[in-house]
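Participant: What follows is upload_10.pdb, PDB, C-alpha atoms.
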ATOM      1  CA  MET O   1     -13.284  -9.048  39.799
ATOM      2  CA  GLY O   2     -13.475 -12.790  40.493
ATOM      3  CA  PRO O   3     -12.133 -15.705  38.442
ATOM      4  CA  GLN O   4     -15.474 -17.497  38.025
ATOM      5  CA  ALA O   5     -16.846 -15.415  35.146
ATOM      6  CA  ARG O   6     -17.640 -17.293  31.949
ATOM      7  CA  LEU O   7     -18.135 -15.540  28.630
ATOM      8  CA  GLY O   8     -20.931 -17.958  27.906
ATOM      9  CA  ASP O   9     -22.847 -16.229  30.697
ATOM     10  CA  LEU O  10     -22.495 -12.773  29.162
ATOM     11  CA  ASP O  11     -25.748 -12.766  27.200
ATOM     12  CA  PRO O  12     -26.884  -9.633  29.120
ATOM     13  CA  PHE O  13     -24.434  -7.738  26.874
ATOM     14  CA  ARG O  14     -26.762  -8.462  23.977
ATOM     15  CA  THR O  15     -29.925  -7.242  25.637
ATOM     16  CA  GLY O  16     -28.970  -4.423  27.976
ATOM     17  CA  GLY O  17     -29.212  -4.211  31.738
ATOM     18  CA  THR O  18     -26.913  -4.952  34.654
ATOM     19  CA  SER O  19     -25.765  -8.347  35.831
ATOM     20  CA  GLY O  20     -23.471  -9.823  38.480
ATOM     21  CA  ILE O  21     -21.397 -12.825  37.405
ATOM     22  CA  GLY O  22     -18.925 -14.693  39.593
ATOM     23  CA  GLY O  23     -18.414 -11.702  41.840
ATOM     24  CA  ILE O  24     -17.945  -9.346  38.879
ATOM     25  CA  ALA O  25     -20.368  -6.468  38.452
ATOM     26  CA  ILE O  26     -21.220  -6.150  34.772
ATOM     27  CA  GLU O  27     -23.000  -3.122  33.394
ATOM     28  CA  VAL O  28     -24.263  -3.268  29.847
ATOM     29  CA  CYS O  29     -23.790  -0.101  27.795
ATOM     30  CA  SER O  30     -25.538   0.955  24.642
ATOM     31  CA  ALA O  31     -23.447   1.707  21.573
ATOM     32  CA  ALA O  32     -23.513   5.404  22.452
ATOM     33  CA  ASP O  33     -22.316   4.970  26.034
ATOM     34  CA  PRO O  34     -18.585   4.061  25.836
ATOM     35  CA  THR O  35     -17.184   7.597  26.003
ATOM     36  CA  PRO O  36     -13.966   8.205  27.989
ATOM     37  CA  ALA O  37     -15.927   9.846  30.795
ATOM     38  CA  ASN O  38     -18.424   6.995  31.015
ATOM     39  CA  LEU O  39     -15.659   4.393  30.951
ATOM     40  CA  SER O  40     -13.622   5.907  33.779
ATOM     41  CA  PRO O  41     -15.388   4.036  36.653
ATOM     42  CA  PHE O  42     -14.740   0.635  35.058
ATOM     43  CA  ASP O  43     -11.777  -1.739  35.177
ATOM     44  CA  ALA O  44     -12.204  -3.245  31.700
ATOM     45  CA  VAL O  45     -14.477  -3.479  28.690
ATOM     46  CA  LEU O  46     -15.634  -6.640  26.930
ATOM     47  CA  VAL O  47     -16.503  -5.986  23.281
ATOM     48  CA  LEU O  48     -18.839  -8.521  21.711
ATOM     49  CA  GLY O  49     -18.606  -7.937  17.980
ATOM     50  CA  GLY O  50     -16.147  -7.790  15.129
ATOM     51  CA  ASP O  51     -13.631  -5.375  13.661
ATOM     52  CA  GLY O  52     -16.234  -2.738  12.819
ATOM     53  CA  THR O  53     -17.589  -2.700  16.369
ATOM     54  CA  LEU O  54     -14.090  -2.235  17.754
ATOM     55  CA  ASN O  55     -13.328   0.484  15.239
ATOM     56  CA  ARG O  56     -16.199   2.676  16.406
ATOM     57  CA  HIS O  57     -14.933   2.720  19.993
ATOM     58  CA  LEU O  58     -11.143   2.807  19.580
ATOM     59  CA  PRO O  59     -10.760   6.552  20.318
ATOM     60  CA  SER O  60     -12.601   6.177  23.620
ATOM     61  CA  PHE O  61     -10.618   3.091  24.618
ATOM     62  CA  ALA O  62      -7.341   4.845  23.809
ATOM     63  CA  GLN O  63      -8.248   8.101  25.577
ATOM     64  CA  ALA O  64      -9.535   6.304  28.678
ATOM     65  CA  ALA O  65      -6.523   3.920  28.655
ATOM     66  CA  ILE O  66      -8.935   1.149  29.591
ATOM     67  CA  PRO O  67      -8.189  -2.546  28.958
ATOM     68  CA  PHE O  68     -10.556  -4.199  26.508
ATOM     69  CA  LEU O  69     -11.187  -7.775  25.453
ATOM     70  CA  PRO O  70     -12.312  -8.405  21.858
ATOM     71  CA  VAL O  71     -14.802 -11.289  21.926
ATOM     72  CA  PRO O  72     -15.050 -12.558  18.311
ATOM     73  CA  THR O  73     -18.771 -12.533  17.553
ATOM     74  CA  GLY O  74     -18.855 -10.418  14.390
ATOM     75  CA  SER O  75     -18.712 -11.270  10.707
ATOM     76  CA  GLY O  76     -15.081 -10.141  10.613
ATOM     77  CA  ASN O  77     -12.867 -10.834  13.627
ATOM     78  CA  ASP O  78      -9.384 -10.309  12.247
ATOM     79  CA  PHE O  79      -8.150  -8.105  15.085
ATOM     80  CA  ALA O  80      -9.228 -10.651  17.697
ATOM     81  CA  ARG O  81      -7.517 -13.434  15.734
ATOM     82  CA  GLY O  82      -4.413 -11.264  15.497
ATOM     83  CA  MET O  83      -4.424 -11.133  19.297
ATOM     84  CA  GLY O  84      -4.653 -14.923  19.477
ATOM     85  CA  ILE O  85      -8.385 -14.817  20.277
ATOM     86  CA  GLY O  86      -9.993 -16.774  17.462
ATOM     87  CA  THR O  87     -12.872 -18.243  19.480
ATOM     88  CA  ARG O  88     -15.095 -17.445  22.445
ATOM     89  CA  MET O  89     -13.198 -20.096  24.418
ATOM     90  CA  ALA O  90      -9.907 -18.307  23.716
ATOM     91  CA  ALA O  91     -11.551 -15.053  24.827
ATOM     92  CA  GLU O  92     -12.698 -16.707  28.039
ATOM     93  CA  LEU O  93      -9.169 -17.916  28.792
ATOM     94  CA  ALA O  94      -7.768 -14.437  28.111
ATOM     95  CA  TRP O  95     -10.365 -12.966  30.455
ATOM     96  CA  GLN O  96      -9.466 -15.431  33.213
ATOM     97  CA  ARG O  97      -5.780 -14.552  32.884
ATOM     98  CA  PHE O  98      -6.624 -10.866  33.147
ATOM     99  CA  VAL O  99      -8.808 -11.427  36.211
ATOM    100  CA  ALA O 100      -5.925 -13.257  37.887
ATOM    101  CA  THR O 101      -3.054 -10.978  36.863
ATOM    102  CA  ARG O 102      -4.465  -7.680  35.498
ATOM    103  CA  VAL O 103      -1.781  -7.973  32.801
ATOM    104  CA  THR O 104      -2.624  -6.413  29.412
ATOM    105  CA  ARG O 105      -0.899  -6.331  26.051
ATOM    106  CA  PRO O 106       0.215  -2.935  24.684
ATOM    107  CA  VAL O 107      -0.919  -2.593  21.077
ATOM    108  CA  ASP O 108      -0.315   0.203  18.589
ATOM    109  CA  LEU O 109      -3.251   2.327  17.502
ATOM    110  CA  GLY O 110      -3.457   2.972  13.771
ATOM    111  CA  MET O 111      -4.467   6.394  12.486
ATOM    112  CA  VAL O 112      -5.529   7.779   9.105
ATOM    113  CA  GLY O 113      -5.478  11.505   8.392
ATOM    114  CA  PHE O 114      -6.832  13.314   5.359
ATOM    115  CA  GLY O 115      -5.070  16.611   6.098
ATOM    116  CA  ASP O 116      -2.969  17.741   9.016
ATOM    117  CA  PRO O 117      -2.107  14.548  10.990
ATOM    118  CA  ARG O 118      -3.039  16.438  14.178
ATOM    119  CA  SER O 119      -6.475  17.461  12.943
ATOM    120  CA  PRO O 120      -9.632  16.269  14.721
ATOM    121  CA  ASP O 121     -10.663  14.552  11.500
ATOM    122  CA  ASP O 122      -8.073  11.806  12.011
ATOM    123  CA  ARG O 123      -9.650   8.337  12.084
ATOM    124  CA  ALA O 124      -8.484   5.429  14.224
ATOM    125  CA  PHE O 125      -8.124   1.785  13.235
ATOM    126  CA  CYS O 126      -6.709  -1.329  14.864
ATOM    127  CA  SER O 127      -6.234  -3.879  12.092
ATOM    128  CA  VAL O 128      -5.961  -3.369   8.314
ATOM    129  CA  GLY O 129      -7.008  -0.717   5.800
ATOM    130  CA  GLY O 130      -6.319   0.381   2.279
ATOM    131  CA  VAL O 131      -7.399   1.677  -1.106
ATOM    132  CA  GLY O 132      -8.032  -0.038  -4.397
ATOM    133  CA  LEU O 133      -9.065  -3.692  -4.480
ATOM    134  CA  SER O 134      -9.168  -4.084  -0.705
ATOM    135  CA  ALA O 135     -11.449  -1.072  -0.278
ATOM    136  CA  GLU O 136     -13.775  -2.063  -3.110
ATOM    137  CA  ALA O 137     -14.025  -5.586  -1.684
ATOM    138  CA  ASN O 138     -14.912  -4.047   1.697
ATOM    139  CA  ARG O 139     -17.627  -1.948   0.111
ATOM    140  CA  ARG O 140     -19.160  -4.941  -1.620
ATOM    141  CA  ALA O 141     -18.839  -7.223   1.408
ATOM    142  CA  ASN O 142     -20.580  -4.665   3.645
ATOM    143  CA  ALA O 143     -23.615  -4.862   1.362
ATOM    144  CA  MET O 144     -23.854  -8.647   1.763
ATOM    145  CA  PRO O 145     -26.009 -10.463   4.335
ATOM    146  CA  ALA O 146     -24.077 -10.990   7.574
ATOM    147  CA  TRP O 147     -24.059 -14.782   7.200
ATOM    148  CA  LEU O 148     -22.417 -14.537   3.774
ATOM    149  CA  ARG O 149     -20.021 -11.779   4.814
ATOM    150  CA  GLY O 150     -18.768 -14.011   7.624
ATOM    151  CA  ASN O 151     -18.394 -17.098   5.433
ATOM    152  CA  GLY O 152     -16.090 -16.231   2.574
ATOM    153  CA  GLY O 153     -17.949 -13.086   1.569
ATOM    154  CA  TYR O 154     -14.826 -10.955   1.418
ATOM    155  CA  ALA O 155     -13.066 -13.278  -1.035
ATOM    156  CA  LEU O 156     -16.188 -13.357  -3.201
ATOM    157  CA  ALA O 157     -16.387  -9.566  -3.052
ATOM    158  CA  ALA O 158     -12.733  -9.253  -4.078
ATOM    159  CA  VAL O 159     -13.285 -11.416  -7.165
ATOM    160  CA  GLY O 160     -16.472  -9.514  -7.989
ATOM    161  CA  SER O 161     -14.575  -6.225  -7.796
ATOM    162  CA  LEU O 162     -12.038  -7.099 -10.479
ATOM    163  CA  PRO O 163     -13.949  -6.352 -13.727
ATOM    164  CA  ALA O 164     -14.460  -2.647 -12.922
ATOM    165  CA  LEU O 165     -11.388  -2.169 -10.725
ATOM    166  CA  ALA O 166      -9.590   1.136 -11.240
ATOM    167  CA  MET O 167      -5.801   1.017 -11.165
ATOM    168  CA  PRO O 168      -4.774   4.625 -10.495
ATOM    169  CA  GLN O 169      -1.347   6.208 -10.415
ATOM    170  CA  VAL O 170      -0.104   6.027  -6.822
ATOM    171  CA  GLU O 171       2.890   7.449  -4.983
ATOM    172  CA  VAL O 172       3.894   6.128  -1.563
ATOM    173  CA  CYS O 173       6.200   8.264   0.598
ATOM    174  CA  ALA O 174       7.824   7.959   4.014
ATOM    175  CA  ASN O 175      10.049  10.555   5.663
ATOM    176  CA  ASP O 176       9.739  12.697   2.506
ATOM    177  CA  ASP O 177      11.261   9.883   0.414
ATOM    178  CA  VAL O 178       9.328   8.271  -2.433
ATOM    179  CA  LEU O 179       9.286   4.543  -1.686
ATOM    180  CA  TRP O 180       7.202   3.497  -4.680
ATOM    181  CA  SER O 181       5.436   5.065  -7.638
ATOM    182  CA  GLY O 182       3.294   3.488 -10.324
ATOM    183  CA  ARG O 183      -0.154   2.214 -11.169
ATOM    184  CA  ALA O 184      -1.561   0.063  -8.371
ATOM    185  CA  ALA O 185      -4.380  -2.422  -7.988
ATOM    186  CA  ALA O 186      -4.234  -2.223  -4.182
ATOM    187  CA  VAL O 187      -2.361  -0.394  -1.455
ATOM    188  CA  VAL O 188      -2.924  -1.967   1.966
ATOM    189  CA  PHE O 189      -1.640  -0.636   5.296
ATOM    190  CA  ALA O 190      -1.671  -2.980   8.273
ATOM    191  CA  ASN O 191      -1.219  -3.021  12.024
ATOM    192  CA  THR O 192      -2.056  -6.740  12.210
ATOM    193  CA  SER O 193      -1.375  -9.453   9.675
ATOM    194  CA  ALA O 194      -4.812 -10.365   8.326
ATOM    195  CA  PHE O 195      -8.115  -9.050   7.026
ATOM    196  CA  GLY O 196     -11.098 -10.432   5.129
ATOM    197  CA  GLN O 197     -11.577 -13.461   7.407
ATOM    198  CA  GLY O 198      -7.941 -14.494   7.543
ATOM    199  CA  MET O 199      -6.248 -13.214   4.378
ATOM    200  CA  GLN O 200      -2.600 -12.757   5.460
ATOM    201  CA  VAL O 201      -2.042  -9.563   3.531
ATOM    202  CA  ALA O 202       0.724  -8.365   5.878
ATOM    203  CA  PRO O 203       2.332 -11.537   7.260
ATOM    204  CA  ARG O 204       5.218  -9.619   8.864
ATOM    205  CA  ALA O 205       3.007  -7.198  10.784
ATOM    206  CA  HIS O 206       3.297  -7.066  14.570
ATOM    207  CA  PRO O 207       0.702  -4.967  16.416
ATOM    208  CA  GLY O 208       3.158  -3.739  19.025
ATOM    209  CA  ASP O 209       6.329  -2.915  17.111
ATOM    210  CA  GLY O 210       5.610   0.764  16.493
ATOM    211  CA  LEU O 211       5.570   0.180  12.737
ATOM    212  CA  LEU O 212       2.889   0.118  10.076
ATOM    213  CA  ASP O 213       3.238  -2.478   7.319
ATOM    214  CA  LEU O 214       2.309  -1.551   3.760
ATOM    215  CA  CYS O 215       1.736  -3.948   0.857
ATOM    216  CA  ILE O 216       1.372  -2.792  -2.747
ATOM    217  CA  VAL O 217      -0.092  -4.927  -5.509
ATOM    218  CA  PRO O 218       0.877  -3.211  -8.750
ATOM    219  CA  ALA O 219      -1.406  -2.928 -11.746
ATOM    220  CA  MET O 220      -1.491  -6.236 -13.608
ATOM    221  CA  PRO O 221      -3.960  -8.212 -15.735
ATOM    222  CA  ARG O 222      -7.151  -8.956 -13.822
ATOM    223  CA  LEU O 223      -6.858 -12.700 -14.378
ATOM    224  CA  ARG O 224      -3.416 -12.581 -12.789
ATOM    225  CA  ILE O 225      -4.833 -10.734  -9.770
ATOM    226  CA  ALA O 226      -7.564 -13.369  -9.478
ATOM    227  CA  ALA O 227      -4.903 -16.091  -9.532
ATOM    228  CA  LEU O 228      -2.923 -14.229  -6.868
ATOM    229  CA  LEU O 229      -5.812 -13.917  -4.395
ATOM    230  CA  PRO O 230      -5.652 -17.482  -2.959
ATOM    231  CA  SER O 231      -1.970 -16.996  -2.121
ATOM    232  CA  VAL O 232      -2.897 -14.060   0.137
ATOM    233  CA  PHE O 233      -4.535 -16.442   2.614
ATOM    234  CA  PHE O 234      -1.075 -17.884   3.285
ATOM    235  CA  GLY O 235       1.008 -14.715   2.875
ATOM    236  CA  LYS O 236       2.656 -16.172  -0.224
ATOM    237  CA  HIS O 237       1.811 -13.163  -2.380
ATOM    238  CA  LEU O 238       4.962 -11.435  -1.147
ATOM    239  CA  GLY O 239       6.913 -13.750  -3.422
ATOM    240  CA  VAL O 240       4.984 -12.621  -6.516
ATOM    241  CA  ARG O 241       7.018 -10.448  -8.855
ATOM    242  CA  GLY O 242       6.076  -6.794  -8.542
ATOM    243  CA  VAL O 243       4.413  -7.015  -5.120
ATOM    244  CA  GLU O 244       6.135  -4.564  -2.753
ATOM    245  CA  TYR O 245       6.248  -4.524   1.038
ATOM    246  CA  PHE O 246       7.438  -1.803   3.414
ATOM    247  CA  GLN O 247       7.536  -1.181   7.165
ATOM    248  CA  ARG O 248       7.601   2.372   8.490
ATOM    249  CA  ALA O 249       6.054   4.376  11.326
ATOM    250  CA  ARG O 250       4.162   6.621   8.884
ATOM    251  CA  PHE O 251       3.247   6.629   5.195
ATOM    252  CA  VAL O 252       1.766   9.248   2.896
ATOM    253  CA  ILE O 253      -0.217   7.908  -0.070
ATOM    254  CA  ARG O 254      -1.022  10.113  -3.053
ATOM    255  CA  CYS O 255      -3.373   9.051  -5.878
ATOM    256  CA  ASP O 256      -4.247  10.714  -9.152
ATOM    257  CA  ILE O 257      -7.979  10.231  -8.555
ATOM    258  CA  PRO O 258     -10.042  10.367  -5.341
ATOM    259  CA  LEU O 259     -10.258   6.922  -3.777
ATOM    260  CA  PRO O 260     -12.363   5.592  -0.878
ATOM    261  CA  VAL O 261     -10.280   4.582   2.144
ATOM    262  CA  TYR O 262     -11.459   1.696   4.325
ATOM    263  CA  ALA O 263     -10.027   0.266   7.562
ATOM    264  CA  ASP O 264     -11.361  -2.426   9.907
ATOM    265  CA  GLY O 265     -14.070  -2.936   7.282
ATOM    266  CA  GLU O 266     -15.357   0.629   7.757
ATOM    267  CA  PHE O 267     -15.422   3.544   5.322
ATOM    268  CA  LEU O 268     -13.147   6.304   6.645
ATOM    269  CA  GLY O 269     -13.302   8.856   3.826
ATOM    270  CA  GLU O 270     -12.334   9.609   0.244
ATOM    271  CA  ALA O 271      -9.185  11.437  -0.795
ATOM    272  CA  THR O 272      -6.400  11.831  -3.318
ATOM    273  CA  THR O 273      -3.868  12.196  -0.477
ATOM    274  CA  PHE O 274      -3.906  10.725   3.003
ATOM    275  CA  ALA O 275      -1.479   9.647   5.710
ATOM    276  CA  ALA O 276      -1.454   6.449   7.761
ATOM    277  CA  TRP O 277       0.607   5.977  10.918
ATOM    278  CA  VAL O 278       0.641   4.332  14.343
ATOM    279  CA  GLN O 279       0.620   5.606  17.895
ATOM    280  CA  PRO O 280       2.818   3.040  19.677
ATOM    281  CA  GLY O 281       1.300   1.147  22.618
ATOM    282  CA  LYS O 282      -1.777   3.349  22.768
ATOM    283  CA  LEU O 283      -4.209   0.444  23.276
ATOM    284  CA  ARG O 284      -4.362  -1.961  26.237
ATOM    285  CA  VAL O 285      -5.697  -5.286  24.990
ATOM    286  CA  ILE O 286      -6.693  -8.245  27.151
ATOM    287  CA  ALA O 287      -5.126 -11.152  25.271
TER     288      ALA O 287
END
Could you render the structure from this file as structure tokens?

Facilitator:
Amino acid sequence: MGPQARLGDLDPFRTGGTSGIGGIAIEVCSAADPTPANLSPFDAVLVLGGDGTLNRHLPSFAQAAIPFLPVPTGSGNDFARGMGIGTRMAAELAWQRFVATRVTRPVDLGMVGFGDPRSPDDRAFCSVGGVGLSAEANRRANAMPAWLRGNGGYALAAVGSLPALAMPQVEVCANDDVLWSGRAAAVVFANTSAFGQGMQVAPRAHPGDGLLDLCIVPAMPRLRIAALLPSVFFGKHLGVRGVEYFQRARFVIRCDIPLPVYADGEFLGEATTFAAWVQPGKLRVIA
């Protein structure tokens, strides 16, 4: 690898093919190519996309133990921002540091399991997930045009979700202890602090501390939830009466009705019971 590469020159990633840039051989893979076996000959991966693009390839990146650089070009780039990479220029600087030092940042890999935590049906995530309002907002935002989804679409989707929002009975456990029980508007688990284009739902989250952060918004009048939403952009919702916040390595969430579970903006499954946990330092991020 040479230090002259510029991310602005990486347009071949969008079109396919092979290119040499600044002494660096760059091979462009299709979406189906980044398997652990196919990644093994390479030194690093540059991912041009958003949280959903990253989510689809996390298992391969973790299994191959390959460094990857998230280049924020998607409609949602909360993981990249959580790594301090909010722009293409920041990504370029991170890449140059990696080229010079080969230093990477160890980051926890989030997991969601709908049965045995060791089952092959476990799903990986890197940023934020949840059930309730957050999941319904994800569902609605995913149906929006990309330009709207990337420009306040998530906040609009959250407000639009309120009239029909279910507030089921939820029980949150950790280490066989019941941490919280009651009717909830949202239960959000987080490896990084933000989702939905910068909503600081888990302001205390650190992606490398071996802990998963969990925020619960209890059932409350819908107008009160709507009034609470702007405070989430600044992490001020933690001061709202009734909002609960926990940090543990693993949570089990039980609901009285089946609920869709989303993470990194992607639908993971539907369940009445699921577990969420982290695998410490499983990812090597160029940041």

Participant: One decimal, in Å: what's the spacing between CA of Asp176 in chain O and CA of Val252 in chain O?

Facilitator: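 Computed distance, CA of Asp176 in chain O to CA of Val252 in chain O, equals 8.7 Å.
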
Participant: What separation in Å, quoted to one decimal, exists between CA of Gly182 in chain O and CA of Ala249 in chain O?

Facilitator: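 So the two atoms, CA of Gly182 in chain O and CA of Ala249 in chain O, lie 21.8 Å apart.
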
Participant: Would you mind telling me which residue in O:Ala287, O:Val201, O:Leu223, O:Val47 lies nearest to Val99 in chain O when using only C-alpha atoms?

Facilitator: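 So, comparing all the options, the nearest one is O:Ala287.
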
Participant: Between CA of Gly82 in chain O and CA of Val112 in chain O, what is the distance, to one decimal in Å?

Facilitator: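 These two atoms are separated by 20.1 Å.
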
Participant: From the set O:His237, O:Ile216, O:Val232, O:Asn142, which residue has the shortest atom-to-atom contact distance to Phe195 in chain O, counting only C-alpha atoms?

Facilitator: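 Smallest separation from Phe195 in chain O among the options: O:Val232.
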
Participant: Write out N, CA and C atoms for range 234-254 of chain O, as a short mmCIF file (atom, residue, chain, number, x, y, z; two decimals), in the coordinates of the input.

Facilitator:
data_model
loop_
_atom_site.label_atom_id
_atom_site.label_comp_id
_atom_site.auth_asym_id
_atom_site.auth_seq_id
_atom_site.Cartn_x
_atom_site.Cartn_y
_atom_site.Cartn_z
N PHE O 234 -2.25 -17.28 2.66
CA PHE O 234 -1.08 -17.88 3.28
C PHE O 234 0.12 -16.93 3.31
N GLY O 235 -0.08 -15.69 2.90
CA GLY O 235 1.01 -14.72 2.88
C GLY O 235 2.03 -14.97 1.79
N LYS O 236 1.71 -15.81 0.83
CA LYS O 236 2.66 -16.17 -0.22
C LYS O 236 2.71 -15.15 -1.34
N HIS O 237 1.82 -14.17 -1.32
CA HIS O 237 1.81 -13.16 -2.38
C HIS O 237 3.05 -12.28 -2.35
N LEU O 238 3.76 -12.26 -1.22
CA LEU O 238 4.96 -11.44 -1.15
C LEU O 238 6.06 -11.95 -2.06
N GLY O 239 5.94 -13.19 -2.49
CA GLY O 239 6.91 -13.75 -3.42
C GLY O 239 6.56 -13.52 -4.87
N VAL O 240 5.42 -12.89 -5.14
CA VAL O 240 4.98 -12.62 -6.52
C VAL O 240 5.74 -11.41 -7.05
N ARG O 241 6.24 -11.54 -8.26
CA ARG O 241 7.02 -10.45 -8.86
C ARG O 241 6.18 -9.18 -8.95
N GLY O 242 6.75 -8.10 -8.48
CA GLY O 242 6.08 -6.79 -8.54
C GLY O 242 5.41 -6.39 -7.25
N VAL O 243 5.04 -7.35 -6.40
CA VAL O 243 4.41 -7.02 -5.12
C VAL O 243 5.48 -6.42 -4.19
N GLU O 244 5.17 -5.27 -3.60
CA GLU O 244 6.14 -4.56 -2.75
C GLU O 244 5.64 -4.53 -1.31
N TYR O 245 6.59 -4.48 -0.39
CA TYR O 245 6.25 -4.52 1.04
C TYR O 245 7.20 -3.61 1.80
N PHE O 246 6.63 -2.75 2.65
CA PHE O 246 7.44 -1.80 3.41
C PHE O 246 6.96 -1.78 4.86
N GLN O 247 7.86 -1.39 5.76
CA GLN O 247 7.54 -1.18 7.16
C GLN O 247 8.10 0.17 7.60
N ARG O 248 7.22 1.05 8.02
CA ARG O 248 7.60 2.37 8.49
C ARG O 248 6.62 2.79 9.59
N ALA O 249 6.97 3.85 10.31
CA ALA O 249 6.05 4.38 11.33
C ALA O 249 4.91 5.17 10.70
N ARG O 250 5.16 5.76 9.51
CA ARG O 250 4.16 6.62 8.88
C ARG O 250 4.34 6.61 7.38
N PHE O 251 3.25 6.55 6.66
CA PHE O 251 3.25 6.63 5.20
C PHE O 251 2.33 7.76 4.75
N VAL O 252 2.67 8.34 3.60
CA VAL O 252 1.77 9.25 2.90
C VAL O 252 1.48 8.63 1.53
N ILE O 253 0.20 8.51 1.20
CA ILE O 253 -0.22 7.91 -0.07
C ILE O 253 -0.91 8.97 -0.90
N ARG O 254 -0.43 9.15 -2.13
CA ARG O 254 -1.02 10.11 -3.05
C ARG O 254 -1.53 9.37 -4.28
#
